[in-house]
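What follows is protein.cif (mmCIF, C-alpha atoms).
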data_structure
#
loop_
_atom_site.label_atom_id
_atom_site.label_comp_id
_atom_site.auth_asym_id
_atom_site.auth_seq_id
_atom_site.Cartn_x
_atom_site.Cartn_y
_atom_site.Cartn_z
CA MET A 23 39.68 -1.09 -22.90
CA SER A 24 36.29 0.11 -24.10
CA ALA A 25 33.30 0.21 -21.80
CA VAL A 26 30.58 -2.43 -21.73
CA ILE A 27 27.63 -1.04 -23.70
CA LEU A 28 24.40 -1.28 -21.71
CA SER A 29 21.88 -2.12 -24.44
CA GLY A 30 18.46 -0.69 -23.72
CA LYS A 31 16.88 -3.34 -25.91
CA THR A 32 18.15 -6.16 -23.71
CA TYR A 33 17.07 -4.65 -20.40
CA ALA A 34 13.77 -3.34 -21.76
CA GLN A 35 12.89 -6.85 -22.90
CA GLU A 36 13.60 -8.17 -19.40
CA LEU A 37 11.19 -5.60 -17.98
CA LYS A 38 8.54 -6.42 -20.58
CA ASN A 39 8.85 -10.15 -19.86
CA GLN A 40 8.24 -9.53 -16.16
CA ALA A 41 5.41 -7.13 -16.97
CA LYS A 42 3.72 -9.79 -19.11
CA ILE A 43 3.85 -12.21 -16.18
CA ASN A 44 2.31 -9.59 -13.90
CA LEU A 45 -0.31 -8.75 -16.52
CA THR A 46 -1.35 -12.37 -16.99
CA GLU A 47 -1.72 -12.84 -13.23
CA LEU A 48 -3.72 -9.63 -12.84
CA ILE A 49 -6.14 -10.59 -15.62
CA ARG A 50 -6.49 -14.05 -14.06
CA GLN A 51 -7.36 -12.51 -10.69
CA THR A 52 -9.70 -9.76 -11.89
CA GLY A 53 -10.86 -10.61 -15.40
CA VAL A 54 -9.96 -7.02 -16.33
CA THR A 55 -7.39 -5.89 -18.88
CA PRO A 56 -5.48 -2.76 -17.79
CA GLY A 57 -6.04 0.34 -19.91
CA LEU A 58 -3.74 3.25 -20.70
CA ALA A 59 -4.92 6.56 -22.14
CA VAL A 60 -2.41 8.95 -23.71
CA ILE A 61 -3.40 12.54 -24.39
CA ILE A 62 -1.48 14.47 -27.04
CA VAL A 63 -2.16 18.11 -27.82
CA GLY A 64 -0.97 19.46 -31.16
CA ALA A 65 1.22 17.87 -33.81
CA ASP A 66 4.76 17.97 -32.48
CA PRO A 67 6.61 15.36 -34.62
CA ALA A 68 8.75 13.96 -31.81
CA SER A 69 5.75 13.66 -29.50
CA GLN A 70 3.79 11.87 -32.20
CA VAL A 71 6.59 9.32 -32.57
CA TYR A 72 6.69 8.73 -28.81
CA VAL A 73 2.93 8.31 -28.61
CA ARG A 74 2.91 5.83 -31.52
CA ASN A 75 5.66 3.82 -29.80
CA LYS A 76 3.70 3.72 -26.55
CA HIS A 77 0.51 2.68 -28.35
CA ARG A 78 2.33 -0.03 -30.29
CA THR A 79 4.00 -1.41 -27.16
CA CYS A 80 0.64 -1.57 -25.39
CA ARG A 81 -0.75 -3.64 -28.25
CA GLU A 82 2.27 -5.95 -28.15
CA MET A 83 1.90 -6.41 -24.39
CA GLY A 84 -1.86 -6.94 -24.43
CA ILE A 85 -2.72 -3.70 -22.62
CA ASN A 86 -5.74 -1.71 -23.80
CA SER A 87 -4.59 1.60 -25.25
CA GLN A 88 -6.32 4.72 -26.47
CA VAL A 89 -4.85 7.93 -27.81
CA ILE A 90 -6.77 11.16 -27.37
CA SER A 91 -5.49 13.62 -29.98
CA LEU A 92 -6.48 17.23 -29.35
CA PRO A 93 -5.85 20.17 -31.69
CA GLU A 94 -3.03 22.66 -31.14
CA ASN A 95 -5.46 25.40 -30.10
CA THR A 96 -7.06 23.38 -27.31
CA GLY A 97 -7.63 25.57 -24.25
CA LYS A 98 -6.72 24.79 -20.64
CA SER A 99 -10.34 24.14 -19.61
CA ALA A 100 -10.99 21.76 -22.49
CA LEU A 101 -7.83 19.79 -21.70
CA ILE A 102 -8.69 19.54 -18.01
CA THR A 103 -12.21 18.40 -18.94
CA ALA A 104 -10.71 15.61 -21.09
CA ILE A 105 -8.49 14.54 -18.18
CA LYS A 106 -11.39 14.49 -15.71
CA LYS A 107 -13.40 12.34 -18.09
CA LEU A 108 -10.59 9.78 -18.10
CA ASN A 109 -10.34 9.98 -14.30
CA GLU A 110 -13.96 8.82 -14.14
CA ASP A 111 -13.57 6.07 -16.77
CA VAL A 112 -13.14 2.78 -14.86
CA SER A 113 -11.68 1.09 -17.95
CA VAL A 114 -8.74 3.53 -17.88
CA HIS A 115 -6.19 2.71 -15.19
CA GLY A 116 -3.34 4.92 -16.39
CA ILE A 117 -3.36 8.44 -17.82
CA LEU A 118 -0.37 10.05 -19.52
CA LEU A 119 -0.25 13.61 -20.81
CA GLN A 120 2.38 13.81 -23.53
CA LEU A 121 4.84 16.65 -22.97
CA PRO A 122 5.81 19.21 -24.07
CA LEU A 123 2.46 20.93 -24.40
CA PRO A 124 1.94 23.67 -27.01
CA LYS A 125 3.43 27.01 -25.92
CA THR A 126 0.02 28.50 -25.12
CA LEU A 127 -0.55 25.77 -22.50
CA GLN A 128 2.95 25.55 -21.04
CA PRO A 129 2.35 28.24 -18.38
CA TYR A 130 -0.44 26.02 -17.01
CA GLU A 131 1.41 22.70 -17.24
CA SER A 132 1.56 22.05 -13.49
CA GLU A 133 -2.08 22.97 -12.96
CA ILE A 134 -3.12 20.66 -15.79
CA LEU A 135 -1.02 17.73 -14.55
CA TYR A 136 -2.41 18.14 -11.03
CA ASN A 137 -5.87 17.27 -12.38
CA ILE A 138 -4.79 13.70 -13.17
CA ASN A 139 -5.97 11.29 -10.49
CA PRO A 140 -2.75 10.37 -8.59
CA SER A 141 -3.66 6.68 -8.69
CA LYS A 142 -3.80 6.88 -12.51
CA ASP A 143 -0.71 9.09 -12.84
CA VAL A 144 1.57 6.54 -14.52
CA ASP A 145 4.17 9.25 -15.26
CA GLY A 146 4.57 9.95 -11.53
CA PHE A 147 4.35 13.74 -11.98
CA HIS A 148 1.46 14.52 -9.63
CA PRO A 149 2.61 16.20 -6.38
CA VAL A 150 1.08 13.37 -4.35
CA ASN A 151 3.37 10.89 -6.09
CA VAL A 152 6.33 13.29 -5.98
CA GLY A 153 5.84 13.72 -2.24
CA LYS A 154 5.50 10.00 -1.58
CA LEU A 155 8.66 9.29 -3.56
CA SER A 156 10.59 11.87 -1.53
CA ILE A 157 9.64 10.21 1.77
CA GLY A 158 10.06 6.67 0.51
CA GLU A 159 6.42 5.58 0.29
CA LYS A 160 5.02 3.35 -2.45
CA CYS A 161 3.87 5.45 -5.39
CA MET A 162 3.91 5.88 -9.15
CA VAL A 163 7.55 6.61 -10.09
CA PRO A 164 8.61 8.61 -13.19
CA CYS A 165 9.41 6.13 -15.94
CA THR A 166 12.86 7.31 -17.07
CA PRO A 167 14.54 7.38 -13.63
CA LEU A 168 12.90 4.08 -12.75
CA GLY A 169 14.24 2.59 -15.99
CA CYS A 170 17.75 3.76 -15.08
CA ILE A 171 17.56 2.02 -11.70
CA LYS A 172 16.20 -1.16 -13.26
CA MET A 173 19.06 -1.16 -15.78
CA LEU A 174 21.73 -0.72 -13.10
CA GLU A 175 20.24 -3.54 -11.03
CA SER A 176 19.84 -5.91 -13.99
CA ALA A 177 23.43 -5.24 -15.08
CA GLY A 178 24.65 -6.06 -11.57
CA ILE A 179 26.19 -2.61 -11.08
CA PRO A 180 26.44 -1.82 -7.35
CA ILE A 181 24.56 1.26 -6.09
CA ASP A 182 24.78 0.83 -2.31
CA GLY A 183 27.48 3.09 -0.89
CA LYS A 184 28.57 4.42 -4.29
CA ASN A 185 28.99 8.08 -5.24
CA ALA A 186 26.29 9.03 -7.73
CA VAL A 187 26.37 12.37 -9.53
CA ILE A 188 23.39 13.65 -11.52
CA ILE A 189 23.78 16.49 -14.00
CA GLY A 190 20.36 18.09 -14.28
CA ARG A 191 17.70 18.93 -11.69
CA SER A 192 14.47 18.56 -13.66
CA ASN A 193 11.28 17.31 -12.04
CA ILE A 194 11.09 14.61 -14.71
CA VAL A 195 14.56 13.08 -14.33
CA GLY A 196 17.06 14.77 -12.01
CA LYS A 197 15.08 15.12 -8.78
CA PRO A 198 13.28 11.72 -8.86
CA MET A 199 16.55 10.08 -9.92
CA ALA A 200 18.18 11.48 -6.78
CA ASN A 201 15.41 10.09 -4.58
CA LEU A 202 15.62 6.64 -6.16
CA LEU A 203 19.40 6.51 -5.76
CA LEU A 204 19.12 7.66 -2.14
CA ALA A 205 16.64 4.86 -1.53
CA LYS A 206 19.30 2.45 -2.81
CA ASN A 207 21.84 3.92 -0.34
CA ALA A 208 23.96 5.85 -2.84
CA THR A 209 25.63 9.12 -1.85
CA VAL A 210 24.00 11.57 -4.25
CA THR A 211 25.10 14.93 -5.65
CA ILE A 212 22.92 16.96 -8.03
CA CYS A 213 24.72 19.37 -10.36
CA HIS A 214 23.13 22.08 -12.47
CA SER A 215 23.82 25.28 -14.40
CA HIS A 216 24.98 27.14 -11.28
CA THR A 217 27.32 24.40 -10.04
CA GLN A 218 30.90 25.55 -9.64
CA ASN A 219 33.89 23.33 -10.43
CA LEU A 220 31.65 20.83 -12.19
CA LYS A 221 34.47 18.61 -13.42
CA ASP A 222 35.86 18.22 -9.91
CA ILE A 223 32.49 16.88 -8.80
CA THR A 224 31.77 14.62 -11.78
CA ARG A 225 35.20 13.01 -11.47
CA THR A 226 34.14 11.65 -8.06
CA ALA A 227 31.21 9.75 -9.54
CA ASP A 228 31.07 5.98 -9.54
CA ILE A 229 27.73 6.43 -11.33
CA LEU A 230 27.18 9.50 -13.50
CA ILE A 231 23.68 10.33 -14.77
CA ALA A 232 23.65 12.89 -17.60
CA ALA A 233 20.28 14.62 -18.02
CA VAL A 234 21.21 18.13 -19.08
CA GLY A 235 19.88 18.40 -22.64
CA HIS A 236 23.10 19.45 -24.39
CA PRO A 237 24.79 17.29 -27.06
CA ALA A 238 28.10 15.74 -25.95
CA PHE A 239 28.14 17.86 -22.79
CA VAL A 240 29.94 15.18 -20.76
CA THR A 241 33.49 14.75 -22.04
CA ALA A 242 36.14 12.18 -21.17
CA ASP A 243 37.98 14.55 -18.83
CA MET A 244 34.83 14.84 -16.70
CA ILE A 245 34.69 11.21 -15.59
CA LYS A 246 36.90 8.99 -13.51
CA PRO A 247 38.23 5.75 -15.00
CA GLY A 248 35.88 2.83 -14.49
CA ALA A 249 32.76 4.89 -13.89
CA THR A 250 29.27 3.88 -15.01
CA ILE A 251 27.73 6.46 -17.37
CA ILE A 252 23.96 6.64 -17.85
CA ASP A 253 23.05 9.02 -20.69
CA VAL A 254 19.45 10.22 -20.45
CA GLY A 255 19.81 12.96 -23.07
CA ILE A 256 18.20 12.80 -26.50
CA ASN A 257 19.32 15.62 -28.79
CA ARG A 258 18.51 15.88 -32.50
CA ILE A 259 21.52 17.40 -34.28
CA ALA A 260 20.39 16.53 -37.81
CA PRO A 261 17.09 15.40 -39.37
CA LYS A 262 17.96 11.75 -38.81
CA LYS A 263 20.72 11.92 -36.19
CA LEU A 264 20.16 11.64 -32.44
CA VAL A 265 22.92 11.96 -29.85
CA GLY A 266 23.00 11.99 -26.09
CA ASP A 267 24.44 14.33 -23.48
CA VAL A 268 27.67 12.30 -23.39
CA ASP A 269 30.54 12.34 -25.88
CA PHE A 270 30.02 8.63 -26.40
CA THR A 271 33.04 7.87 -28.60
CA ALA A 272 35.57 9.41 -26.19
CA VAL A 273 33.91 8.53 -22.89
CA LYS A 274 33.43 4.84 -23.70
CA GLU A 275 37.22 4.44 -23.80
CA LYS A 276 37.44 5.51 -20.15
CA ALA A 277 34.23 4.25 -18.54
CA ALA A 278 33.45 0.72 -17.39
CA PHE A 279 29.78 0.84 -18.47
CA ILE A 280 27.92 3.25 -20.71
CA THR A 281 24.48 3.59 -22.30
CA PRO A 282 24.20 4.49 -26.00
CA VAL A 283 21.90 7.05 -27.61
CA PRO A 284 19.76 5.97 -29.32
CA GLY A 285 19.20 2.43 -28.06
CA GLY A 286 19.72 3.06 -24.36
CA VAL A 287 17.59 4.49 -21.59
CA GLY A 288 14.77 5.57 -23.91
CA LEU A 289 13.74 1.97 -24.55
CA LEU A 290 13.44 1.31 -20.82
CA THR A 291 11.22 4.35 -20.37
CA ILE A 292 8.42 2.74 -22.38
CA ALA A 293 8.96 -0.64 -20.68
CA THR A 294 8.61 0.94 -17.24
CA LEU A 295 5.49 2.77 -18.43
CA MET A 296 3.98 -0.65 -19.15
CA GLN A 297 4.94 -1.81 -15.65
CA ASN A 298 3.46 1.33 -14.09
CA THR A 299 0.19 0.87 -15.99
CA ILE A 300 -0.15 -2.72 -14.79
CA GLU A 301 0.73 -1.73 -11.23
CA ALA A 302 -1.77 1.15 -11.29
CA ALA A 303 -4.47 -1.26 -12.46
CA ARG A 304 -3.53 -3.77 -9.74
CA GLN A 305 -3.84 -1.12 -7.04
CA GLN A 306 -7.20 0.04 -8.37
CA LEU A 307 -8.68 -3.44 -8.84
CA LEU A 308 -7.38 -5.41 -5.86
#
Please, can you express the file's structure as structure tokens?
Amino acid sequence: MSAVILSGKTYAQELKNQAKINLTELIRQTGVTPGLAVIIVGADPASQVYVRNKHRTCREMGINSQVISLPENTGKSALITAIKKLNEDVSVHGILLQLPLPKTLQPYESEILYNINPSKDVDGFHPVNVGKLSIGEKCMVPCTPLGCIKMLESAGIPIDGKNAVIIGRSNIVGKPMANLLLAKNATVTICHSHTQNLKDITRTADILIAAVGHPAFVTADMIKPGATIIDVGINRIAPKKLVGDVDFTAVKEKAAFITPVPGGVGLLTIATLMQNTIEAARQQLL
């Protein structure tokens, strides 16, 4: 029997509906509309699409949105100056730096991100937020891992006491995902490029999170029957074809639940960004 497909559209709409309720209440209490500023450096086509989607969703939600587009040759100092200006702007409650940065800026990525005010860091990448997440304190949480947790909860998939295996140890997905699952009382294993006997580990997973960045990396022989498969990967294999990190066609015949690509986790990422922006504004205003 084929797996139940976890539609990102359905769960993202649930998150947006709740966010709209929170937004309405916040505006009622404060008279202030939350604002999100997105900085994009250069003209990477994929990044431009993501930024347009974020801007459009803000408009749909009723959140103020501005996009700061900087040229490809922008220097580190100029970018940090732009960030600091937004830190000081009381109408901006959330700041997001679109990644990846141009190659000339990538060696300074951490330094640049650290200049974002942690209270406005709606991506949850600042070390203050990373540290708070690791010790279980309230903080801004990276949008993609948070979206995965929200999807599991909305779908009624148990996390408490389950074996969760994450493939990928990035600061953006793998590590925060582990902390969120631990907070929900899962037993968590993180796998990566140096992991030995990978299939033996992934076959123990009740919940498998694939965030490795390789098309169809997770095959049917890597999962146990009835597992829940969350595919975070987005890989472009042709001009108009996107696939995930999971061999969807084969794995869906063995799993109990699975997310598609496209149409899965990516839609929740933007919905959780809206939630984070509203929450950041609430913390700053109340």
Q) Residues at most 12 Å from stretch 64-73 of chain A, counting only C-alpha atoms, excluding those fewer than 6 positions away in the same chain, as number ranges by chain? A) A: 58, 79-80, 87-97, 101, 118-127, 256-258, 261-262, 264, 288-289, 291-292, 295
Q) Residues picked by the PyMOL selection byres ((chain A and resi 265) around 12) here, as a PyMOL selection string? A) chain A and resi 235-240+253-264+266-271+281-286+288
Q: For A:Ile300, please output as a ChimeraX atom specification all residues within 10 Å (counting all atoms listed in the file; exclusion window: fewer than 3 positions along the same chain).
A: /A:41-42,44-46,48-49,55-58,85,115-116,144,294-297,303-306
Q: Quick one: everything within 9 Å of A:Ile194, counting all atoms listed in the file, minus sequence neighbours fewer than 5 positions away in the same chain. Send it as a PyMOL selection string.
A: chain A and resi 145-147+164-167+199
Q: List the neighbours of A:Thr103 out to 12 Å using all atoms listed in the file; skip same-chain residues closer than 4 positions along the sequence, and give me the result as a PyMOL selection string.
A: chain A and resi 61+92+96-99+107-110+134+137-138
